[in-house]
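To start, the structure under review is shown below, and the notes come after it.
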Amino acid sequence: MPPEATDLASKVDALYSFLLWASFISTMLVVGGLTYFAIKYKRTDKNQKSAYITHNNTLEFLWSFIPFLIFMGVFAWGWVLFHDMRNMPADALEVAVQGQQWDWTFTYKNGRRSSGEMVIPVNQPVKLVMASKDVIHSFYIPAFRLKQDVVPGRYTTLWFQPKYKGEYQVFCAEFCGRQHSGMLAKIKVVSQEEFDEWLGNDPYKGLSMVEVGHKVYSTRCVICHNLTDKKLVGPGWKDLFGHQVELADGSTVVADENYIRESILNPNAKIVKGFPPAMPTFAGQLDEQEIMGLVEFIKTLK
Amino acid sequence: MSLKSEEHHIIPLKSFIGVFFALLFLTVLTVVAAQFNMGEWNTVVAMLIASIKAFFVLAYFMHLKVDDKVFLVCFLLAVFFLIVMYAFSVVDIYTRVGVSNIL
Amino acid sequence: MSTSNTTTQEYVHHVAHHFDSAEEEYRTSKFGLWVFLMTEILMFGGLFVGYIIFRGIYSEAFAEASKFLDWRLGAINTVVLIFSSLTMVLSIYYAQHNQKAKVLLNLYITFFCGVIFMCIKAYEYAHKIHEGLLPGHMFHYSEQVAAHAPLYFSFYFCMTGMHGIHVMVGMGFILWLIRRAHRGEFSSNYFTPLECVGLFWHLVDLIWIYLFPLLYLVG
Amino acid sequence: MSSAPGVNYLNEKSGLWSWLTTLDHKRIGIMYMIAVFTFFAIGGTFAMLMRWELFSAGKNIVEAQTYNEFMTFHGAIMAFMVIIPGVPAFLGNFFLPLMIGARDVAFPRINLLSWYCLIIGAAVAFYSLIYNGADTGWTFYTPYSIKTDNGTTILVAGVFILGFSSILTGLNFIVTVHKLRAPGMTFFRMPLFIWGLYATAIMQVMATPVLGITLLLLIAERTMGIGFFDPTLGGDPVLFQHFFWFYSHPAVYIMVLPAMGVISELITCYSRKTIFGYRAIAWSSVGIAAVSFFVWGHHMFVSGESEVVAILFSFMTMLVGVPTAIKVFNWTATLYKGSIIFNAPMLFAMGFIFLFTIGGVTGIILAVTAVDVHFHDTYFVVAHFHYVMVGGTLMAIAGGMYHWMPKMFGRMYNEFWARISFVLIFVGFNVTFFPQFVLGAMGMPRRYYDYLPVFQPLNRISSIGAWTIGIGFLVVLYVILRCIFTGEKAPDNPWGATTLEWQTSSPPPHENFLTQPVVTGGPYEYK
């Protein structure tokens with residue numbers, strides 16, 4: 001099990017280890033009994049008679065009631081922890097999480113947006129309000145022992161309070177299509193000061209247009225597009241700019257700034273030949289600076 | 001050996017006619033009941049009347065009254081599991097938004 | 001042995017080899033059919049559960065959408081189906097009393113009621129398709145309607161469509177019964193197919209009895 | 001009409017047409033065997049391909065899209081075409097009438113119709129492979145199953161037809177058990193295999209129609225966009241999960257209950273001892289069938305269902321765990337003071353108990369809400385249900401196959417190779433799926449085409465184990481073929497069992513019993 005990073009995780013681990021031990025003991029009881037009886041009562045000669053025992057009420061009652069008690073105990077213990085998981089603290093730091101086919105985007109109260117990586121302060125409850133743009137995803141953090149499906153059409157919530165600084169892996173746990181296994185993200189838990197400083201600054205401060213484009217590519221587009229000319233999900237970007245592109249409806253068009261810009265904001269308008277219309281729209285998610293950065297970045301790919 | 005010979009009880013003709021008129025009356029009743037706006041109660045009343053009609057169709061037209069009880073058990077099992085499916089799904093949907101504190 | 005007045009030679013039903021008696025075959029067939037009715041109830045039940053859940057969530061949209069339905073046609077259809085249930089039961093009753101002519105008469109009436117029911121349904125569907133009150137994405141009604149009205153019509157078309165298919169299948173079976181009745185196969189000794197198709201037809205009527213108030217008489 | 005000596009159900013008529021239009025439950029059972037084993041081979045190949053792809057991180061042999069199709073078809077074929085029809089339709093069809101002293105099932109023509117539903121449904125489902133595949137997983141969760149534009153509609157239509165095969169078999173068994181038992185055979189003198197099939201038949205008949213309507217609505221959703229499960233139109237995807245799992249949890253008990261019935265037969269026959277707690281096992285079969293309709297929500301603890309109903313489902317799942325535990329304890333107690341022999345069926349039965357116990361206890365771990373939040377949709381769940389399905393049902397099919405082959409084909413199987421097949425399957429199974437418990441605990445999600453390098457070593461072990469299972473089942477196939485064609489003549493009752501099917505000739509005549517058997521005592525009177 002990955003090291004637990006929240007108090008709740010350590011409680012879940014305690015319950016899990018009890019369950020593990022109880023399972024191990026009961027399996028050993030059954031398997032031990034099985035092998036012992038098998039060895040002891042092996043058939044010695046052809047017509048060896050066996051005892052005629054049909055049932056034993058007290059024994060049968062015991063091995064029904066005792067498992068029942070254990071199950072009820074474990075159920076109640078689970079209930080207590082489950083209630084803590086679902087009881088959202090009132091004063092938590094709220095982060096809006098948006099799941100979209102094959103990447104995660106995090107938006108903070110002050111409008112700061114970051115994709116693929118969420119930075120949060122240590123020892124403070126954080127509440128995620130999650131929504132999905134297309135299909136069901138599931139925000140899963142093994143280190144916090146937490147998971148919550150992100151259902152399109154409504155909000156689902158999840159809360160945790162990390163107690164150690166560090167970087168924790170996030171998976172998508174509900175099958176959501178081609179790149180389901182690539183839909184990963186990171187949670188960086190930092191000190192309060194670092195967090196305030198990170199929250200305030202502009203992510204692209206001091207970066208040139210091409211570097212901004214490269215940063216946007218590495219967080220949003222890398223899932224489906226290669227920098228070579230090889231196809232991944234979408235077409236590769238090598239010497240794309242300024243060259244003829246053949247579209248699905250047979251016509252060809254020059255890949256200039258407007259073509260790239262339109263493909264970002266309204267991808268289904270011009271679909272390249274041989275590709276499914278699988279690209280979601282990024283309208284409203286990339287601001288003007290990021291789109292211009294992407295265009296510059298693509299220009300450099302010769 | 002003919003089926004009729006053993007005590008296979010056959011429902012008399014006039015009870016079929018009686019059930020038919022009862023069903024007609026109940027249909028009219030349910031239509032009339034729908035005119036008054038009783039809010040939430042409309043559905044309950046409509047379902048009640050429909051269930052009475054269903055009882056008549058089941059008991060007389062489908063001979064459940066005279067046949068052996070296994071058929072009735074079949075029908076009740078089917079309806080019971082439907083209610084279970086409905087109950088658990090509805091409990092889920094109506095307790096979803098606000099988390100009621102159950103501890 | 002009862003003599004049946006009209007048939008030339010007495011139709012003797014051949015009991016399958018794995019049954020001990022005609023009585024056992026009769027009871028087994030009816031038991032099998034009741035288990036089948038169980039599956040029908042559960043299948044329609046799924047639709048009813050879905051409908052009641054969504055009516056609970058979007059009650060005002062469903063109430064407004066149900067105004068487009070003409071409850072009078074629904075009421076006529078209910079009466080038609082109840083009457084056809086009566087004639088179906090009578091056909092069994094007369095078969096048990098070896099009156100072949102009356103069996104045929106009632107079967108024809110039942111079939112004819114089925115035809116009337118389907119015609120009224122076809123008229124209602126044509127009216128809705130013309131108006132554009134179609135399910136889900138295909139909904140293109142002229143004026144503005146409540147947000148989730150198309151969902152109501154999805155349920156309307158799914159439930160009445162599924163029920164309509166079952167009415168047509170029932171009518172097919174009644175034609176099969178009419179053909180066998182013409183050949184004089186049904187008598188007090190053997191009327192199992194009549195009773196089985198009868199049970200199926202009554203179930204179809206039973207489902208409509210619940211469909212009518214739920215869809216037509218909403219709030 | 002009683003057969004002349006030497007004429008049995010196999011050689012009384014010959015030619016393909018006599019098989020394809022047979023109404024004899026034994027021949028239909030054999031035809032189900034051939035169909036189920038073929039589908040198992042196909043589903044197994046998909047499993048081998050998946051394990052090959054997962055041998056190491058990154059792309060091995062196929063793209064992500066193709067892997068997702070492997071995963072979908074492995075799940076759909078194994079669930080709907082192998083394990084659900086497996087024991088009831090193959091072993092059940094053949095032996096239910098024999099074990100209750102009947103001449104045939106209640107509705108032979110419907111029995112043949114359910115075989116054709118299986119074949120037509122499978123043909124439609126496989127056509128979707130050619131059309132352009134389906135990649136939604138065997139659970140078809142919306143709205144992804146609505147949005148993906150490939151052969152999913154055809155696969156869903158195929159599974160819809162397969163559902164009828166299951167319903168009709170269940171209907172046939174319920175009526176047969178109620179109406180056609182031999183004189184003197186009360187409900188509590190029926191063999192426990194029949195109790196398992198009876199409880200399964202109730203679930204087949206009560207749960208499968210709901211899957212039928214759910215799949216029909218999904219097809220309507222994909223073709224006409226009716227919007228029940230599509231959030232853009234106000235529908236609720238979680239409601240689809242409720243409808244789907246209302247069927248699918250009883251379905252997993254449809255898969256395992258008949259297997260438990262087979263194990264009860266094997267344990268009592270090969271320890272030559274009366275079963276311990278006959279009534280407890282019989283009642284727990286029916287108990288599991290009843291409670292299985294109340295527990296489906298434990299598949300959806302994190303899907304967005306409310307906390308109240310999650311607790312309710314967790315409580316009901318604990319209840320359904322108790323009868324399962326009772327059964328395992330009763331089997332173990334049956335061995336006490338028996339006279340046990342370790343031929344292949346008994347090895348498979350004991351293998352079943354070992355693997356099914358691990359499957360059961362991990363099921364309880366998953367039933368606890370707080371722990372399931374971590375384990376849901378990870379490889380822990382994959383390991384759990386493979387322990388219960390492969391370790392349970394497939395071991396029971398292999399064990400039942402070996403146990404009853406003398407009766408079905410009138411020939412003995414080769415004991416040595418049968419034990420080799422057990423060892424290969426048992427070892428291969430544990431090597432494949434025990435590491436997956438650890439992978440799940442480490443947090444590797446399910447249905448992943450590519451995984452982080454930290455998961456690679458355990459995935460390699462698992463892949464090696466998977467191919468061992470593959471070899472093991474090839475050996476089983478070798479033993480079966482060798483037994484059918486060159487096995488030596490089998491006596492009527494090679495194992496000295498006491499249930500009715502061993503009192504007729506092997507292979508049995510067309511009408512099962514030359515003289516109608518009368519039952520005087522319980523099914524397992526080993527005095």
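Residues are referred to by chain and number: the chain letter is A, B, ... according to the order shown in the structure tokens, the number counts from 1 in that chain, and ligands are numbered separately from 1 in the order shown.
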
TODO: For stretch 87-91 of chain B, list every protein, DNA or RNA residue within 9 Å, evaluated using only C-alpha atoms, and leave out those in the same chain fewer than 3 positions away; present the list as a PyMOL selection string.
DONE: (chain B and resi 82-84+94-96) or (chain C and resi 49+53) or (chain D and resi 239+242-243+294+297+306+308-309+312-313)

Task: D:Ile84 environment, 8 Å, only C-alpha atoms, sequence neighbours closer than 4 positions dropped, as a VMD selection string - done: chain D and resid 79 to 80 88 166 251 254 to 255

Could you take the residues named above and write them with N, CA, C and O atoms, as an mmCIF file, in the first residue's frame?
```
data_model
loop_
_atom_site.group_PDB
_atom_site.id
_atom_site.type_symbol
_atom_site.label_atom_id
_atom_site.label_comp_id
_atom_site.auth_asym_id
_atom_site.auth_seq_id
_atom_site.Cartn_x
_atom_site.Cartn_y
_atom_site.Cartn_z
ATOM 1 N N ALA D 79 -18.351 -13.421 -19.440
ATOM 2 C CA ALA D 79 -19.511 -13.289 -18.534
ATOM 3 C C ALA D 79 -20.755 -13.873 -19.187
ATOM 4 O O ALA D 79 -21.396 -14.779 -18.659
ATOM 5 N N PHE D 80 -21.097 -13.386 -20.386
ATOM 6 C CA PHE D 80 -22.427 -13.732 -20.926
ATOM 7 C C PHE D 80 -22.429 -15.047 -21.690
ATOM 8 O O PHE D 80 -23.480 -15.664 -21.844
ATOM 9 N N PRO D 88 -25.189 -24.115 -15.587
ATOM 10 C CA PRO D 88 -26.608 -24.465 -15.712
ATOM 11 C C PRO D 88 -26.952 -25.099 -17.056
ATOM 12 O O PRO D 88 -27.615 -26.125 -17.125
ATOM 13 N N SER D 166 -30.670 -17.304 -21.236
ATOM 14 C CA SER D 166 -30.605 -17.511 -19.790
ATOM 15 C C SER D 166 -32.009 -17.580 -19.186
ATOM 16 O O SER D 166 -32.305 -18.456 -18.374
ATOM 17 N N ALA D 251 -26.523 -11.794 -11.306
ATOM 18 C CA ALA D 251 -25.834 -12.562 -12.368
ATOM 19 C C ALA D 251 -24.571 -13.226 -11.816
ATOM 20 O O ALA D 251 -24.287 -14.384 -12.122
ATOM 21 N N ILE D 254 -25.686 -16.136 -10.229
ATOM 22 C CA ILE D 254 -26.061 -17.141 -11.239
ATOM 23 C C ILE D 254 -24.811 -17.909 -11.664
ATOM 24 O O ILE D 254 -24.817 -19.099 -11.918
ATOM 25 N N MET D 255 -23.671 -17.160 -11.680
ATOM 26 C CA MET D 255 -22.432 -17.803 -12.135
ATOM 27 C C MET D 255 -21.914 -18.777 -11.079
ATOM 28 O O MET D 255 -21.385 -19.841 -11.403
#
```

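You will find atom CA of C:Pro193 at 29.3 Å from atom CA of D:Phe95.
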
Open item on the list: Report as a PyMOL selection string all protein, DNA and RNA residues lying within 12 Å of stretch 10-22 of chain A, evaluated on only C-alpha atoms, omitting residues in the same chain fewer than 4 positions from it.
Closed with: (chain A and resi 1-6+26-29+67+70-71+73-82+84-85+142-146+162-163) or (chain D and resi 358+361-375+437+441)

Task: Distance query stretch 171-181 of chain A at most 7 Å, only C-alpha atoms, self and fewer than 3 positions along chain excluded, as a PyMOL selection string - done: (chain A and resi 101-102+135-141+184-185) or (chain D and resi 64-65+144+377+445-451)

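Taking only C-alpha atoms, the non-local environment of stretch 55-69 of chain B within 9 Å (same-chain residues fewer than 6 positions away omitted) comprises His8, His9, Ile10, Ile11, Ser15, Phe16, Val19, Phe20, Ala22 and Leu23 of chain B; Ile82, Ser85, Leu86, Met88, Val89, Glu195, Gly198, Leu199, His202, Leu203, Asp205 and Leu206 of chain C.
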
Open item on the list: Using only C-alpha atoms for the distances, tell me which of B:Asp92, B:Phe80, B:Val73, B:Ala34 is nearest to chain C.
Closed with: B:Ala34

Open item on the list: Distance cut-off 7 Å, counting only C-alpha atoms - which residues of chain C neighbour chain D? Return them as a PyMOL selection string.
Closed with: chain C and resi 18+28+31-32+35+39+42-43+46+135-137+148+151+154

Could you write out the selected residues, including N, CA, C and O atoms, as a compact mmCIF listing (two decimals), in the first residue's frame?
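Ended up saving to part_28.txt:
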```txt
# COMPACT_ATOMS: atom_id res chain seq x y z
N HIS C 18 -42.73 -37.04 -22.07
CA HIS C 18 -42.15 -36.95 -20.74
C HIS C 18 -43.18 -36.53 -19.70
O HIS C 18 -42.84 -36.28 -18.56
N THR C 28 -48.40 -27.98 -16.08
CA THR C 28 -47.00 -27.57 -16.33
C THR C 28 -46.96 -26.42 -17.32
O THR C 28 -46.22 -25.45 -17.12
N PHE C 31 -47.95 -23.27 -15.60
CA PHE C 31 -46.90 -22.83 -14.68
C PHE C 31 -45.77 -22.17 -15.47
O PHE C 31 -45.32 -21.07 -15.14
N GLY C 32 -45.42 -22.82 -16.59
CA GLY C 32 -44.38 -22.23 -17.43
C GLY C 32 -44.78 -20.86 -17.91
O GLY C 32 -43.99 -19.91 -17.89
N VAL C 35 -44.45 -18.24 -15.19
CA VAL C 35 -43.05 -17.82 -14.97
C VAL C 35 -42.66 -16.85 -16.08
O VAL C 35 -41.98 -15.84 -15.84
N THR C 39 -41.37 -12.71 -16.10
CA THR C 39 -40.29 -11.98 -16.79
C THR C 39 -40.86 -10.76 -17.50
O THR C 39 -40.25 -9.69 -17.52
N LEU C 42 -41.37 -8.00 -14.99
CA LEU C 42 -40.10 -7.38 -14.59
C LEU C 42 -39.55 -6.51 -15.70
O LEU C 42 -39.00 -5.43 -15.46
N MET C 43 -39.74 -6.93 -16.96
CA MET C 43 -39.21 -6.10 -18.05
C MET C 43 -39.97 -4.78 -18.11
O MET C 43 -39.38 -3.70 -18.07
N GLY C 46 -39.12 -2.39 -15.30
CA GLY C 46 -37.94 -1.52 -15.45
C GLY C 46 -38.35 -0.17 -16.00
O GLY C 46 -37.96 0.89 -15.49
N PRO C 135 -39.06 11.81 -29.07
CA PRO C 135 -38.20 11.61 -27.90
C PRO C 135 -36.84 12.29 -28.04
O PRO C 135 -36.34 12.45 -29.14
N GLY C 136 -36.31 12.69 -26.89
CA GLY C 136 -34.91 13.10 -26.74
C GLY C 136 -34.46 14.11 -27.77
O GLY C 136 -35.11 15.13 -28.02
N HIS C 137 -33.33 13.83 -28.41
CA HIS C 137 -32.71 14.79 -29.33
C HIS C 137 -33.62 15.10 -30.52
O HIS C 137 -33.54 16.16 -31.13
N HIS C 148 -37.35 19.62 -19.59
CA HIS C 148 -37.18 18.15 -19.74
C HIS C 148 -38.39 17.50 -20.37
O HIS C 148 -38.60 16.31 -20.21
N LEU C 151 -37.89 14.37 -22.44
CA LEU C 151 -37.70 13.13 -21.69
C LEU C 151 -39.05 12.42 -21.50
O LEU C 151 -39.16 11.21 -21.59
N SER C 154 -39.82 10.65 -24.51
CA SER C 154 -39.01 9.42 -24.63
C SER C 154 -39.73 8.29 -23.90
O SER C 154 -39.91 7.18 -24.44
```

Open item on the list: Please extract the residues of chain B with a backbone DSSP assignment of helix (DSSP H, G or I) and present them as a PyMOL selection string.
Closed with: chain B and resi 13-35+41-61+69-94

Open item on the list: Report as an MDAnalysis selection string all protein, DNA and RNA residues lying within 12 Å of C:Lys67, evaluated on only C-alpha atoms, omitting residues in the same chain fewer than 4 positions from it.
Closed with: chainID C and resid 60:63 71:72 133 145:146 149 152:153 215:219

Task: DSSP-assigned strand (DSSP E) members of stretch 6-253 of chain A, reported as a PyMOL selection string - done: chain A and resi 93-100+103-107+113-115+117-121+126-132+137-141+146-150+156-160+166-172+185-190+244-246+252-253

Excluding C:Phe117 and any residue of its chain fewer than 2 positions from it, enumerate the residues within 10 Å of it, using only C-alpha atoms, and give them as a short mmCIF file (atom, residue, chain, number, x, y, z; two decimals) with N, CA, C and O atoms, in the first residue's frame.
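Output saved as around.cif:
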```cif
data_model
loop_
_atom_site.label_atom_id
_atom_site.label_comp_id
_atom_site.auth_asym_id
_atom_site.auth_seq_id
_atom_site.Cartn_x
_atom_site.Cartn_y
_atom_site.Cartn_z
N LEU C 73 -58.70 9.64 -25.92
CA LEU C 73 -58.27 8.48 -26.73
C LEU C 73 -57.74 7.38 -25.80
O LEU C 73 -58.01 6.20 -25.98
N GLY C 74 -56.99 7.81 -24.77
CA GLY C 74 -56.47 6.82 -23.82
C GLY C 74 -57.61 6.06 -23.15
O GLY C 74 -57.58 4.83 -23.03
N ILE C 76 -60.65 5.57 -24.29
CA ILE C 76 -61.29 4.64 -25.26
C ILE C 76 -60.44 3.38 -25.38
O ILE C 76 -60.94 2.24 -25.33
N ASN C 77 -59.14 3.60 -25.49
CA ASN C 77 -58.26 2.41 -25.61
C ASN C 77 -58.39 1.50 -24.39
O ASN C 77 -58.39 0.28 -24.52
N THR C 78 -58.52 2.11 -23.21
CA THR C 78 -58.65 1.28 -22.00
C THR C 78 -59.91 0.44 -22.10
O THR C 78 -59.88 -0.77 -21.85
N VAL C 79 -61.01 1.08 -22.50
CA VAL C 79 -62.29 0.34 -22.59
C VAL C 79 -62.16 -0.77 -23.64
O VAL C 79 -62.52 -1.93 -23.41
N VAL C 80 -61.52 -0.44 -24.76
CA VAL C 80 -61.37 -1.45 -25.84
C VAL C 80 -60.60 -2.65 -25.30
O VAL C 80 -61.00 -3.82 -25.47
N LEU C 81 -59.52 -2.38 -24.57
CA LEU C 81 -58.70 -3.51 -24.09
C LEU C 81 -59.45 -4.30 -23.03
O LEU C 81 -59.38 -5.55 -23.00
N SER C 84 -61.79 -6.48 -24.73
CA SER C 84 -61.13 -7.61 -25.40
C SER C 84 -60.71 -8.66 -24.37
O SER C 84 -60.73 -9.86 -24.62
N PHE C 111 -59.65 -10.15 -31.47
CA PHE C 111 -58.69 -9.73 -32.49
C PHE C 111 -59.07 -8.35 -33.01
O PHE C 111 -58.24 -7.45 -33.14
N PHE C 112 -60.37 -8.17 -33.24
CA PHE C 112 -60.83 -6.90 -33.81
C PHE C 112 -60.56 -5.76 -32.82
O PHE C 112 -60.09 -4.68 -33.21
N CYS C 113 -60.77 -6.03 -31.51
CA CYS C 113 -60.47 -4.99 -30.51
C CYS C 113 -58.99 -4.62 -30.58
O CYS C 113 -58.63 -3.44 -30.50
N GLY C 114 -58.16 -5.65 -30.78
CA GLY C 114 -56.72 -5.37 -30.90
C GLY C 114 -56.46 -4.43 -32.07
O GLY C 114 -55.70 -3.46 -31.96
N VAL C 115 -57.18 -4.68 -33.18
CA VAL C 115 -56.97 -3.82 -34.37
C VAL C 115 -57.38 -2.39 -34.03
O VAL C 115 -56.64 -1.43 -34.30
N CYS C 119 -55.09 0.97 -34.16
CA CYS C 119 -55.41 2.12 -35.03
C CYS C 119 -55.39 3.41 -34.21
O CYS C 119 -54.78 4.41 -34.61
N ILE C 120 -56.02 3.36 -33.02
CA ILE C 120 -56.02 4.59 -32.18
C ILE C 120 -54.59 4.97 -31.85
O ILE C 120 -54.16 6.12 -31.92
N LYS C 121 -53.78 3.97 -31.52
CA LYS C 121 -52.36 4.23 -31.18
C LYS C 121 -51.66 4.87 -32.38
O LYS C 121 -50.93 5.86 -32.24
N ALA C 122 -51.93 4.29 -33.58
CA ALA C 122 -51.26 4.82 -34.79
C ALA C 122 -51.65 6.28 -34.99
O ALA C 122 -50.80 7.13 -35.28
N GLY C 164 -47.31 -1.65 -27.42
CA GLY C 164 -47.92 -1.88 -28.73
C GLY C 164 -47.36 -3.14 -29.38
O GLY C 164 -48.11 -3.96 -29.94
N VAL C 167 -49.00 -5.99 -27.91
CA VAL C 167 -50.38 -6.17 -28.38
C VAL C 167 -50.36 -6.87 -29.74
O VAL C 167 -51.09 -7.84 -29.98
N MET C 168 -49.44 -6.45 -30.60
CA MET C 168 -49.40 -7.07 -31.94
C MET C 168 -49.01 -8.54 -31.85
O MET C 168 -49.59 -9.40 -32.51
#
```
